[in-house]
file upload08.txt (compact mmCIF, C-alpha atoms and all ligand atoms)
# COMPACT_ATOMS: atom_id res chain seq x y z
CA MET A 1 12.69 93.05 -5.10
CA GLN A 2 14.27 96.38 -4.60
CA ILE A 3 16.72 96.65 -1.73
CA PRO A 4 16.19 99.93 0.06
CA SER A 5 19.18 102.22 -0.54
CA PHE A 6 19.35 102.86 3.19
CA HIS A 7 20.50 99.26 3.75
CA ILE A 8 23.10 99.48 1.03
CA ILE A 9 24.56 102.60 2.51
CA SER A 10 24.63 101.02 5.98
CA LEU A 11 26.43 97.95 4.62
CA LEU A 12 28.98 100.07 2.80
CA LEU A 13 29.60 102.14 5.94
CA LEU A 14 30.02 98.98 8.00
CA ALA A 15 32.47 97.57 5.46
CA ALA A 16 34.46 100.79 5.44
CA PHE A 17 34.43 100.85 9.23
CA LEU A 18 35.62 97.26 9.58
CA GLY A 19 38.14 97.73 6.79
CA ALA A 20 39.71 100.55 8.78
CA CYS A 21 40.46 98.18 11.63
CA ARG A 22 43.45 96.35 10.33
CA GLY A 23 43.97 94.69 13.66
CA GLN A 24 47.71 95.08 13.63
CA PRO A 25 50.11 97.98 13.96
CA SER A 26 51.44 99.44 10.76
CA GLU A 27 54.69 101.15 9.89
CA ARG A 28 53.00 103.26 7.29
CA PRO A 29 51.96 106.80 8.17
CA PRO A 30 48.27 107.29 8.79
CA ILE A 31 46.12 108.64 6.02
CA HIS A 32 45.57 112.36 6.44
CA THR A 33 42.41 113.87 5.20
CA GLN A 34 43.07 117.33 6.68
CA TYR A 35 46.63 118.40 5.90
CA ASN A 36 46.25 122.00 6.82
CA MET A 37 46.53 121.13 10.49
CA TYR A 38 50.01 119.75 9.83
CA TRP A 39 51.37 122.26 7.39
CA GLN A 40 50.51 125.52 9.05
CA GLU A 41 52.48 128.59 8.15
CA ARG A 42 54.79 129.44 10.98
CA PHE A 43 58.33 130.49 11.80
CA ASN A 44 60.75 128.08 13.35
CA ALA A 45 63.23 129.01 16.05
CA GLN A 46 66.25 130.96 14.72
CA GLN A 47 64.47 131.64 11.44
CA GLU A 48 64.39 134.99 9.69
CA ASN A 49 61.15 136.93 9.72
CA PRO A 50 60.89 139.91 7.36
CA PHE A 51 57.98 141.33 9.35
CA PHE A 52 60.21 142.71 12.09
CA ALA A 53 62.84 145.40 11.60
CA ASP A 54 65.56 143.21 13.14
CA ARG A 55 64.34 140.29 10.99
CA ARG A 56 64.34 137.87 13.88
CA ALA A 57 61.41 135.49 14.22
CA MET A 58 62.22 134.93 17.90
CA ARG A 59 61.15 137.91 19.94
CA THR A 60 62.64 138.85 23.29
CA PRO A 61 60.05 139.13 26.08
CA VAL A 62 58.96 142.63 27.07
CA GLU A 63 61.31 144.10 29.64
CA GLY A 64 60.32 143.17 33.16
CA THR A 65 58.58 139.99 32.06
CA VAL A 66 58.49 137.36 34.78
CA ALA A 67 58.09 133.69 33.94
CA ARG A 68 55.11 132.01 35.52
CA GLY A 69 55.79 130.89 39.05
CA HIS A 70 58.89 133.07 39.24
CA LEU A 71 57.44 136.24 40.70
CA GLU A 72 59.68 136.48 43.75
CA ASP A 73 57.70 139.20 45.42
CA ASP A 74 58.41 138.30 49.04
CA PRO A 75 61.96 139.48 49.85
CA ALA A 76 61.91 137.86 53.30
CA TYR A 77 61.26 134.46 51.80
CA PHE A 78 63.21 134.74 48.55
CA GLN A 79 66.18 136.89 49.57
CA GLY A 80 66.22 136.50 53.33
CA VAL A 81 65.94 140.25 53.87
CA ASN A 82 63.33 142.53 55.41
CA ALA A 83 61.86 145.51 53.60
CA ASP A 84 64.60 147.74 55.08
CA GLY A 85 67.33 145.44 53.72
CA SER A 86 68.30 143.91 57.08
CA PHE A 87 68.53 140.12 57.35
CA VAL A 88 65.45 138.29 58.63
CA GLU A 89 66.07 136.98 62.14
CA GLU A 90 64.20 133.70 61.82
CA ILE A 91 63.53 131.17 59.09
CA PRO A 92 60.15 132.18 57.60
CA VAL A 93 59.04 128.55 57.23
CA ASP A 94 57.54 126.09 59.73
CA ILE A 95 60.23 123.69 60.81
CA THR A 96 59.26 120.05 61.01
CA ARG A 97 61.35 116.94 61.33
CA SER A 98 60.95 116.12 57.64
CA PHE A 99 61.98 119.68 56.74
CA LEU A 100 65.16 119.23 58.77
CA GLU A 101 65.83 115.91 57.10
CA GLN A 102 65.37 117.57 53.72
CA GLY A 103 67.92 120.17 54.85
CA GLN A 104 70.30 117.43 55.93
CA LYS A 105 70.13 115.80 52.52
CA GLN A 106 70.72 119.07 50.73
CA TYR A 107 73.51 120.10 53.07
CA ASN A 108 75.21 116.76 52.55
CA VAL A 109 75.06 117.25 48.80
CA TYR A 110 76.01 120.91 48.48
CA CYS A 111 77.89 121.98 51.57
CA THR A 112 79.84 119.00 52.96
CA PRO A 113 82.53 118.98 50.24
CA CYS A 114 83.82 122.22 51.73
CA HIS A 115 82.31 122.73 55.16
CA GLY A 116 82.44 119.08 56.22
CA GLY A 117 79.75 116.73 57.53
CA VAL A 118 79.30 118.51 60.85
CA GLY A 119 80.21 121.93 59.49
CA ASP A 120 83.65 122.31 61.02
CA GLY A 121 85.23 123.26 57.71
CA ASP A 122 87.20 120.11 56.97
CA GLY A 123 85.39 118.84 53.88
CA THR A 124 87.07 116.71 51.23
CA VAL A 125 88.49 119.77 49.51
CA SER A 126 90.64 120.49 52.55
CA ASP A 127 92.72 117.47 51.48
CA TYR A 128 93.70 119.59 48.50
CA GLY A 129 94.62 122.63 50.47
CA TYR A 130 91.34 124.49 50.00
CA ILE A 131 90.02 125.76 53.28
CA ALA A 132 86.38 126.57 53.91
CA THR A 133 85.47 128.18 57.16
CA SER A 134 83.86 126.40 60.06
CA LEU A 135 80.17 127.02 60.66
CA HIS A 136 80.78 126.74 64.40
CA THR A 137 82.39 130.11 64.94
CA ASP A 138 80.72 132.80 67.04
CA ASN A 139 80.44 134.77 63.83
CA VAL A 140 78.16 132.21 62.17
CA ARG A 141 76.34 131.29 65.39
CA GLU A 142 75.37 134.92 65.83
CA MET A 143 74.31 135.45 62.24
CA PRO A 144 70.59 136.01 61.78
CA ASP A 145 69.03 133.12 59.83
CA GLY A 146 68.65 135.41 56.83
CA GLU A 147 72.41 135.94 56.66
CA ILE A 148 73.13 132.22 56.38
CA TYR A 149 70.39 132.09 53.74
CA SER A 150 72.11 134.96 51.98
CA ALA A 151 75.42 133.06 52.00
CA ILE A 152 73.68 130.40 49.92
CA TYR A 153 71.68 132.87 47.84
CA ASN A 154 74.31 135.54 47.13
CA GLY A 155 77.50 133.79 48.12
CA ILE A 156 79.74 135.31 50.77
CA ASN A 157 83.24 136.71 50.27
CA THR A 158 85.14 133.99 48.37
CA MET A 159 82.25 131.48 48.52
CA ASN A 160 80.13 131.28 45.39
CA SER A 161 76.36 131.63 45.23
CA TYR A 162 74.41 128.36 45.18
CA ARG A 163 71.20 130.09 44.13
CA HIS A 164 70.89 128.31 40.81
CA LEU A 165 71.45 124.85 42.22
CA ILE A 166 69.33 125.00 45.35
CA ASP A 167 65.74 126.21 45.24
CA VAL A 168 64.26 128.52 47.82
CA GLU A 169 62.66 125.86 50.02
CA ASN A 170 65.82 123.79 50.13
CA ARG A 171 67.89 126.88 50.97
CA TRP A 172 65.81 127.44 54.09
CA ALA A 173 65.92 123.74 54.89
CA ILE A 174 69.73 123.94 54.78
CA VAL A 175 69.70 126.97 57.08
CA ALA A 176 67.56 124.99 59.54
CA TYR A 177 69.98 122.09 59.34
CA VAL A 178 73.01 124.35 59.87
CA ARG A 179 71.28 125.53 63.06
CA ALA A 180 70.78 121.89 64.09
CA LEU A 181 74.47 121.21 63.43
CA GLN A 182 75.43 124.21 65.53
CA LEU A 183 73.26 122.97 68.36
CA SER A 184 74.81 119.52 68.03
CA GLN A 185 78.31 120.95 68.55
CA ASP A 186 77.58 123.67 71.02
CA ALA A 187 74.61 122.82 73.22
CA GLY A 188 74.64 124.40 76.66
CA GLU A 189 72.78 123.25 79.74
CA GLU A 190 69.91 125.56 78.98
CA ASP A 191 69.49 123.85 75.59
CA LEU A 192 69.37 120.46 77.28
CA GLU A 193 66.69 121.71 79.64
CA ARG A 194 64.80 123.24 76.78
CA LEU A 195 64.87 119.88 75.01
CA ASN A 196 63.86 118.09 78.21
CA LEU A 197 67.15 116.21 78.42
CA ASP A 198 68.96 115.47 81.66
CA PRO A 199 72.24 117.47 81.78
CA GLU A 200 73.75 114.74 84.03
CA GLN A 201 73.45 112.30 81.20
CA PHE A 202 75.56 114.53 78.98
CA ALA A 203 78.16 115.57 81.53
CA THR A 204 81.60 115.62 79.93
CA GLY A 205 83.40 115.23 83.25
CA GLU A 206 85.33 118.48 82.78
C1 LIG A 301 83.36 125.21 47.22
C2 LIG A 301 83.44 125.23 48.66
C3 LIG A 301 82.20 125.68 49.41
C4 LIG A 301 80.95 125.15 49.35
C5 LIG A 301 80.45 124.01 48.51
C6 LIG A 301 80.16 125.87 50.33
N1 LIG A 301 80.93 126.82 50.94
FE1 LIG A 301 80.32 128.07 52.38
N2 LIG A 301 82.15 128.93 52.41
C7 LIG A 301 83.23 128.53 51.65
C8 LIG A 301 84.36 129.40 51.94
C9 LIG A 301 85.73 129.32 51.32
C10 LIG A 301 83.90 130.34 52.88
C11 LIG A 301 84.68 131.48 53.48
C12 LIG A 301 84.47 132.66 52.58
C13 LIG A 301 85.32 133.85 53.00
O1 LIG A 301 85.09 134.37 54.09
O2 LIG A 301 86.15 134.23 52.19
C14 LIG A 301 82.51 130.01 53.16
C15 LIG A 301 81.73 130.71 54.04
C16 LIG A 301 80.46 130.36 54.41
C17 LIG A 301 79.67 131.02 55.41
C18 LIG A 301 80.11 132.25 56.21
C19 LIG A 301 81.07 131.85 57.26
C20 LIG A 301 81.64 133.05 57.99
O3 LIG A 301 82.29 132.82 59.01
O4 LIG A 301 81.44 134.18 57.52
C21 LIG A 301 78.49 130.38 55.50
C22 LIG A 301 77.33 130.70 56.42
C23 LIG A 301 78.52 129.29 54.55
N3 LIG A 301 79.74 129.32 53.89
C24 LIG A 301 77.52 128.40 54.33
C25 LIG A 301 77.52 127.45 53.33
C26 LIG A 301 76.41 126.58 53.05
C27 LIG A 301 75.10 126.57 53.81
C28 LIG A 301 76.77 125.81 51.98
C29 LIG A 301 75.94 124.80 51.25
C30 LIG A 301 74.82 125.32 50.53
C31 LIG A 301 78.11 126.20 51.60
N4 LIG A 301 78.53 127.19 52.43
C32 LIG A 301 78.83 125.63 50.57
C33 LIG A 301 83.28 127.49 50.78
C34 LIG A 301 82.19 126.73 50.42
call {"tool": "encode", "arguments": {"input": "upload08.txt", "output": "structure tokens"}}
result
Amino acid sequence: MQIPSFHIISLLLLAAFLGACRGQPSERPPIHTQYNMYWQERFNAQQENPFFADRRAMRTPVEGTVARGHLEDDPAYFQGVNADGSFVEEIPVDITRSFLEQGQKQYNVYCTPCHGGVGDGDGTVSDYGYIATSLHTDNVREMPDGEIYSAIYNGINTMNSYRHLIDVENRWAIVAYVRALQLSQDAGEEDLERLNLDPEQFATGE
């Protein structure tokens, strides 16, 4: 009796298929049938490339190139300034409790070493004779929000910029928290009324 070749081929395929399942992990590299996917011609970083006049394989991006997600095209939000260059008066972000708490965390990390926990300028570094200014001076109280933002973004006088450590959202969160600190140290009766608190309760007895 002649076995139909179709059955033989099916059996061989099945055997090959089952044989491929070894059932245990192997240390040996897999068998490649298509090597050209692995060994493509290409230039590695730092390699020489005779195609270009300067013989560098790595090309610099075209001037003015902006990395994805880094188009900072809103000066009020990214630099804290209006179109005319003046500081924005108010934080251009909705302020929620969690936003303030985010600002508190960031402030505690980046600003307390110098400005102190409540912002009165007696951070740890003052033990070593380095003096940061208080954030409870009339000067800082009267700054527009954008100017405090700018202190973080650009630095201010002898204070360095913290732009590269603190991203834009956290910078504004810190500004919001600095405002909360200022209120905590300098609330007047009108603030208590605004917050629906009874001034009697907070009387200092002066
Ligand atoms: C390494 C210490 C240091 C750190 C950290 C630091 N500051 Fe300052 N900051 C200073 C000093 C010093 C000054 C005073 C600069 C001057 O006028 O020469 C200053 C000034 C300022 C002023 C302006 C005060 C004024 O009266 O003009 C603001 C606002 C301010 N800092 C905010 C911040 C915030 C917000 C952070 C956290 C992101 C921060 N600083 C982190 C040292 C620091």
call {"tool": "residues_near_ligand", "arguments": {"input": "upload08.txt", "ligand": "ligand LIG 301 (chain A)", "cutoff": "9 Å", "atoms": "all atoms listed in the file", "output": "MDAnalysis selection string"}}
result
chainID A and resid 106:115 119 121 123 125 130:141 143 147:153 155:163 165:166 171 174:175 177:178
call {"tool": "closest_residue", "arguments": {"input": "upload08.txt", "among": "A:Leu100, A:Leu12, A:Val168, A:Ala20", "to": "Ala76 of chain A", "atoms": "all atoms listed in the file"}}
result
A:Val168
call {"tool": "atom_distance", "arguments": {"input": "upload08.txt", "atom1": "atom CA of Arg55 of chain A", "atom2": "atom CA of Glu41 of chain A"}}
result
16.9 Å
call {"tool": "residues_around", "arguments": {"input": "upload08.txt", "residues": "Ala176 of chain A", "least_positions_apart": "6", "cutoff": "8 Å", "atoms": "all atoms listed in the file", "output": "short mmCIF file (atom, residue, chain, number, x, y, z; two decimals) with C-alpha atoms, in the frame of the given file"}}
result
data_model
loop_
_atom_site.label_atom_id
_atom_site.label_comp_id
_atom_site.auth_asym_id
_atom_site.auth_seq_id
_atom_site.Cartn_x
_atom_site.Cartn_y
_atom_site.Cartn_z
CA ILE A 91 63.53 131.17 59.09
CA ILE A 95 60.23 123.69 60.81
CA LEU A 100 65.16 119.23 58.77
CA GLY A 103 67.92 120.17 54.85
#
call {"tool": "closest_residue", "arguments": {"input": "upload08.txt", "among": "A:Asn36, A:Tyr128, A:Arg42, A:Pro144", "to": "Ser86 of chain A", "atoms": "only C-alpha atoms"}}
result
A:Pro144
call {"tool": "residues_around", "arguments": {"input": "upload08.txt", "residues": "Gln46 of chain A", "least_positions_apart": "2", "cutoff": "10 Å", "atoms": "all atoms listed in the file", "output": "list of chain:residue names"}}
result
A:Phe43, A:Asn44, A:Glu48, A:Asn49, A:Arg56, A:Ala57, A:Met58
call {"tool": "residues_around", "arguments": {"input": "upload08.txt", "residues": "Glu90 of chain A", "least_positions_apart": "3", "cutoff": "9 Å", "atoms": "only C-alpha atoms", "output": "PyMOL selection string"}}
result
chain A and resi 87+93+144-146
call {"tool": "closest_residue", "arguments": {"input": "upload08.txt", "among": "A:Ser126, A:Ser10, A:Gln79, A:Gln104", "to": "Leu181 of chain A", "atoms": "all atoms listed in the file"}}
result
A:Gln104
call {"tool": "atom_distance", "arguments": {"input": "upload08.txt", "atom1": "atom CA of Pro75 of chain A", "atom2": "atom CA of Arg179 of chain A"}}
result
21.4 Å
call {"tool": "atom_distance", "arguments": {"input": "upload08.txt", "atom1": "atom CA of Glu101 of chain A", "atom2": "atom CA of Gln182 of chain A"}}
result
15.2 Å
call {"tool": "build_atoms", "arguments": {"input": "upload08.txt", "residues": "segment 99-110 of chain A", "atoms": "all heavy atoms", "output": "PDB file, in the coordinates of the input"}}
result
ATOM      1  N   PHE A  99      61.317 118.516  57.343  1.00  0.00           N
ATOM      2  CA  PHE A  99      61.980 119.680  56.740  1.00  0.00           C
ATOM      3  C   PHE A  99      63.471 119.669  57.089  1.00  0.00           C
ATOM      4  O   PHE A  99      64.329 119.936  56.244  1.00  0.00           O
ATOM      5  CB  PHE A  99      61.307 120.956  57.252  1.00  0.00           C
ATOM      6  CG  PHE A  99      61.737 122.204  56.548  1.00  0.00           C
ATOM      7  CD1 PHE A  99      61.452 122.401  55.210  1.00  0.00           C
ATOM      8  CD2 PHE A  99      62.413 123.203  57.225  1.00  0.00           C
ATOM      9  CE1 PHE A  99      61.853 123.559  54.552  1.00  0.00           C
ATOM     10  CE2 PHE A  99      62.806 124.370  56.588  1.00  0.00           C
ATOM     11  CZ  PHE A  99      62.526 124.545  55.250  1.00  0.00           C
ATOM     12  N   LEU A 100      63.762 119.322  58.346  1.00  0.00           N
ATOM     13  CA  LEU A 100      65.160 119.230  58.770  1.00  0.00           C
ATOM     14  C   LEU A 100      65.892 118.134  58.013  1.00  0.00           C
ATOM     15  O   LEU A 100      67.049 118.297  57.623  1.00  0.00           O
ATOM     16  CB  LEU A 100      65.229 118.916  60.262  1.00  0.00           C
ATOM     17  CG  LEU A 100      65.386 120.079  61.221  1.00  0.00           C
ATOM     18  CD1 LEU A 100      65.536 119.555  62.644  1.00  0.00           C
ATOM     19  CD2 LEU A 100      66.602 120.919  60.859  1.00  0.00           C
ATOM     20  N   GLU A 101      65.196 117.023  57.819  1.00  0.00           N
ATOM     21  CA  GLU A 101      65.830 115.910  57.100  1.00  0.00           C
ATOM     22  C   GLU A 101      66.106 116.276  55.646  1.00  0.00           C
ATOM     23  O   GLU A 101      67.120 115.912  55.065  1.00  0.00           O
ATOM     24  CB  GLU A 101      64.970 114.646  57.202  1.00  0.00           C
ATOM     25  CG  GLU A 101      65.134 114.006  58.573  1.00  0.00           C
ATOM     26  CD  GLU A 101      64.079 112.970  58.901  1.00  0.00           C
ATOM     27  OE1 GLU A 101      63.158 112.763  58.073  1.00  0.00           O
ATOM     28  OE2 GLU A 101      64.170 112.383  59.993  1.00  0.00           O
ATOM     29  N   GLN A 102      65.175 117.051  55.087  1.00  0.00           N
ATOM     30  CA  GLN A 102      65.370 117.570  53.720  1.00  0.00           C
ATOM     31  C   GLN A 102      66.612 118.462  53.706  1.00  0.00           C
ATOM     32  O   GLN A 102      67.446 118.372  52.809  1.00  0.00           O
ATOM     33  CB  GLN A 102      64.113 118.378  53.378  1.00  0.00           C
ATOM     34  CG  GLN A 102      64.091 119.010  52.022  1.00  0.00           C
ATOM     35  CD  GLN A 102      62.792 119.811  51.833  1.00  0.00           C
ATOM     36  OE1 GLN A 102      61.817 119.635  52.575  1.00  0.00           O
ATOM     37  NE2 GLN A 102      62.775 120.691  50.857  1.00  0.00           N
ATOM     38  N   GLY A 103      66.748 119.299  54.748  1.00  0.00           N
ATOM     39  CA  GLY A 103      67.920 120.170  54.850  1.00  0.00           C
ATOM     40  C   GLY A 103      69.193 119.359  54.988  1.00  0.00           C
ATOM     41  O   GLY A 103      70.226 119.709  54.414  1.00  0.00           O
ATOM     42  N   GLN A 104      69.117 118.283  55.743  1.00  0.00           N
ATOM     43  CA  GLN A 104      70.300 117.430  55.930  1.00  0.00           C
ATOM     44  C   GLN A 104      70.764 116.852  54.597  1.00  0.00           C
ATOM     45  O   GLN A 104      71.939 116.897  54.258  1.00  0.00           O
ATOM     46  CB  GLN A 104      69.955 116.298  56.889  1.00  0.00           C
ATOM     47  CG  GLN A 104      71.127 115.377  57.159  1.00  0.00           C
ATOM     48  CD  GLN A 104      70.743 114.245  58.094  1.00  0.00           C
ATOM     49  OE1 GLN A 104      69.626 113.734  58.033  1.00  0.00           O
ATOM     50  NE2 GLN A 104      71.648 113.872  58.967  1.00  0.00           N
ATOM     51  N   LYS A 105      69.790 116.366  53.839  1.00  0.00           N
ATOM     52  CA  LYS A 105      70.130 115.800  52.520  1.00  0.00           C
ATOM     53  C   LYS A 105      70.801 116.842  51.648  1.00  0.00           C
ATOM     54  O   LYS A 105      71.826 116.592  51.023  1.00  0.00           O
ATOM     55  CB  LYS A 105      68.849 115.344  51.814  1.00  0.00           C
ATOM     56  CG  LYS A 105      68.500 113.919  52.076  1.00  0.00           C
ATOM     57  CD  LYS A 105      67.465 113.440  51.053  1.00  0.00           C
ATOM     58  CE  LYS A 105      66.743 112.228  51.592  1.00  0.00           C
ATOM     59  NZ  LYS A 105      65.323 112.229  51.319  1.00  0.00           N
ATOM     60  N   GLN A 106      70.194 118.019  51.594  1.00  0.00           N
ATOM     61  CA  GLN A 106      70.720 119.070  50.730  1.00  0.00           C
ATOM     62  C   GLN A 106      72.080 119.547  51.205  1.00  0.00           C
ATOM     63  O   GLN A 106      72.979 119.790  50.413  1.00  0.00           O
ATOM     64  CB  GLN A 106      69.728 120.253  50.709  1.00  0.00           C
ATOM     65  CG  GLN A 106      68.395 119.914  50.083  1.00  0.00           C
ATOM     66  CD  GLN A 106      68.504 119.811  48.578  1.00  0.00           C
ATOM     67  OE1 GLN A 106      69.125 120.637  47.928  1.00  0.00           O
ATOM     68  NE2 GLN A 106      67.916 118.775  48.015  1.00  0.00           N
ATOM     69  N   TYR A 107      72.212 119.682  52.517  1.00  0.00           N
ATOM     70  CA  TYR A 107      73.510 120.100  53.070  1.00  0.00           C
ATOM     71  C   TYR A 107      74.573 119.085  52.696  1.00  0.00           C
ATOM     72  O   TYR A 107      75.679 119.445  52.277  1.00  0.00           O
ATOM     73  CB  TYR A 107      73.401 120.231  54.602  1.00  0.00           C
ATOM     74  CG  TYR A 107      74.723 120.590  55.247  1.00  0.00           C
ATOM     75  CD1 TYR A 107      75.066 121.918  55.489  1.00  0.00           C
ATOM     76  CD2 TYR A 107      75.640 119.600  55.592  1.00  0.00           C
ATOM     77  CE1 TYR A 107      76.295 122.248  56.044  1.00  0.00           C
ATOM     78  CE2 TYR A 107      76.867 119.923  56.143  1.00  0.00           C
ATOM     79  CZ  TYR A 107      77.196 121.244  56.371  1.00  0.00           C
ATOM     80  OH  TYR A 107      78.408 121.568  56.913  1.00  0.00           O
ATOM     81  N   ASN A 108      74.230 117.804  52.842  1.00  0.00           N
ATOM     82  CA  ASN A 108      75.210 116.760  52.550  1.00  0.00           C
ATOM     83  C   ASN A 108      75.636 116.786  51.081  1.00  0.00           C
ATOM     84  O   ASN A 108      76.763 116.458  50.747  1.00  0.00           O
ATOM     85  CB  ASN A 108      74.668 115.384  52.929  1.00  0.00           C
ATOM     86  CG  ASN A 108      74.654 115.200  54.434  1.00  0.00           C
ATOM     87  OD1 ASN A 108      75.289 115.961  55.166  1.00  0.00           O
ATOM     88  ND2 ASN A 108      73.915 114.214  54.908  1.00  0.00           N
ATOM     89  N   VAL A 109      74.720 117.181  50.216  1.00  0.00           N
ATOM     90  CA  VAL A 109      75.060 117.250  48.800  1.00  0.00           C
ATOM     91  C   VAL A 109      75.902 118.502  48.510  1.00  0.00           C
ATOM     92  O   VAL A 109      76.959 118.417  47.898  1.00  0.00           O
ATOM     93  CB  VAL A 109      73.795 117.283  47.922  1.00  0.00           C
ATOM     94  CG1 VAL A 109      74.160 117.571  46.469  1.00  0.00           C
ATOM     95  CG2 VAL A 109      73.038 115.971  48.033  1.00  0.00           C
ATOM     96  N   TYR A 110      75.426 119.651  48.963  1.00  0.00           N
ATOM     97  CA  TYR A 110      76.010 120.910  48.480  1.00  0.00           C
ATOM     98  C   TYR A 110      77.045 121.528  49.394  1.00  0.00           C
ATOM     99  O   TYR A 110      77.853 122.330  48.959  1.00  0.00           O
ATOM    100  CB  TYR A 110      74.896 121.937  48.220  1.00  0.00           C
ATOM    101  CG  TYR A 110      74.019 121.552  47.067  1.00  0.00           C
ATOM    102  CD1 TYR A 110      72.726 121.094  47.270  1.00  0.00           C
ATOM    103  CD2 TYR A 110      74.506 121.619  45.767  1.00  0.00           C
ATOM    104  CE1 TYR A 110      71.927 120.713  46.209  1.00  0.00           C
ATOM    105  CE2 TYR A 110      73.727 121.244  44.702  1.00  0.00           C
ATOM    106  CZ  TYR A 110      72.429 120.799  44.925  1.00  0.00           C
ATOM    107  OH  TYR A 110      71.656 120.426  43.878  1.00  0.00           O
TER     108      TYR A 110
END
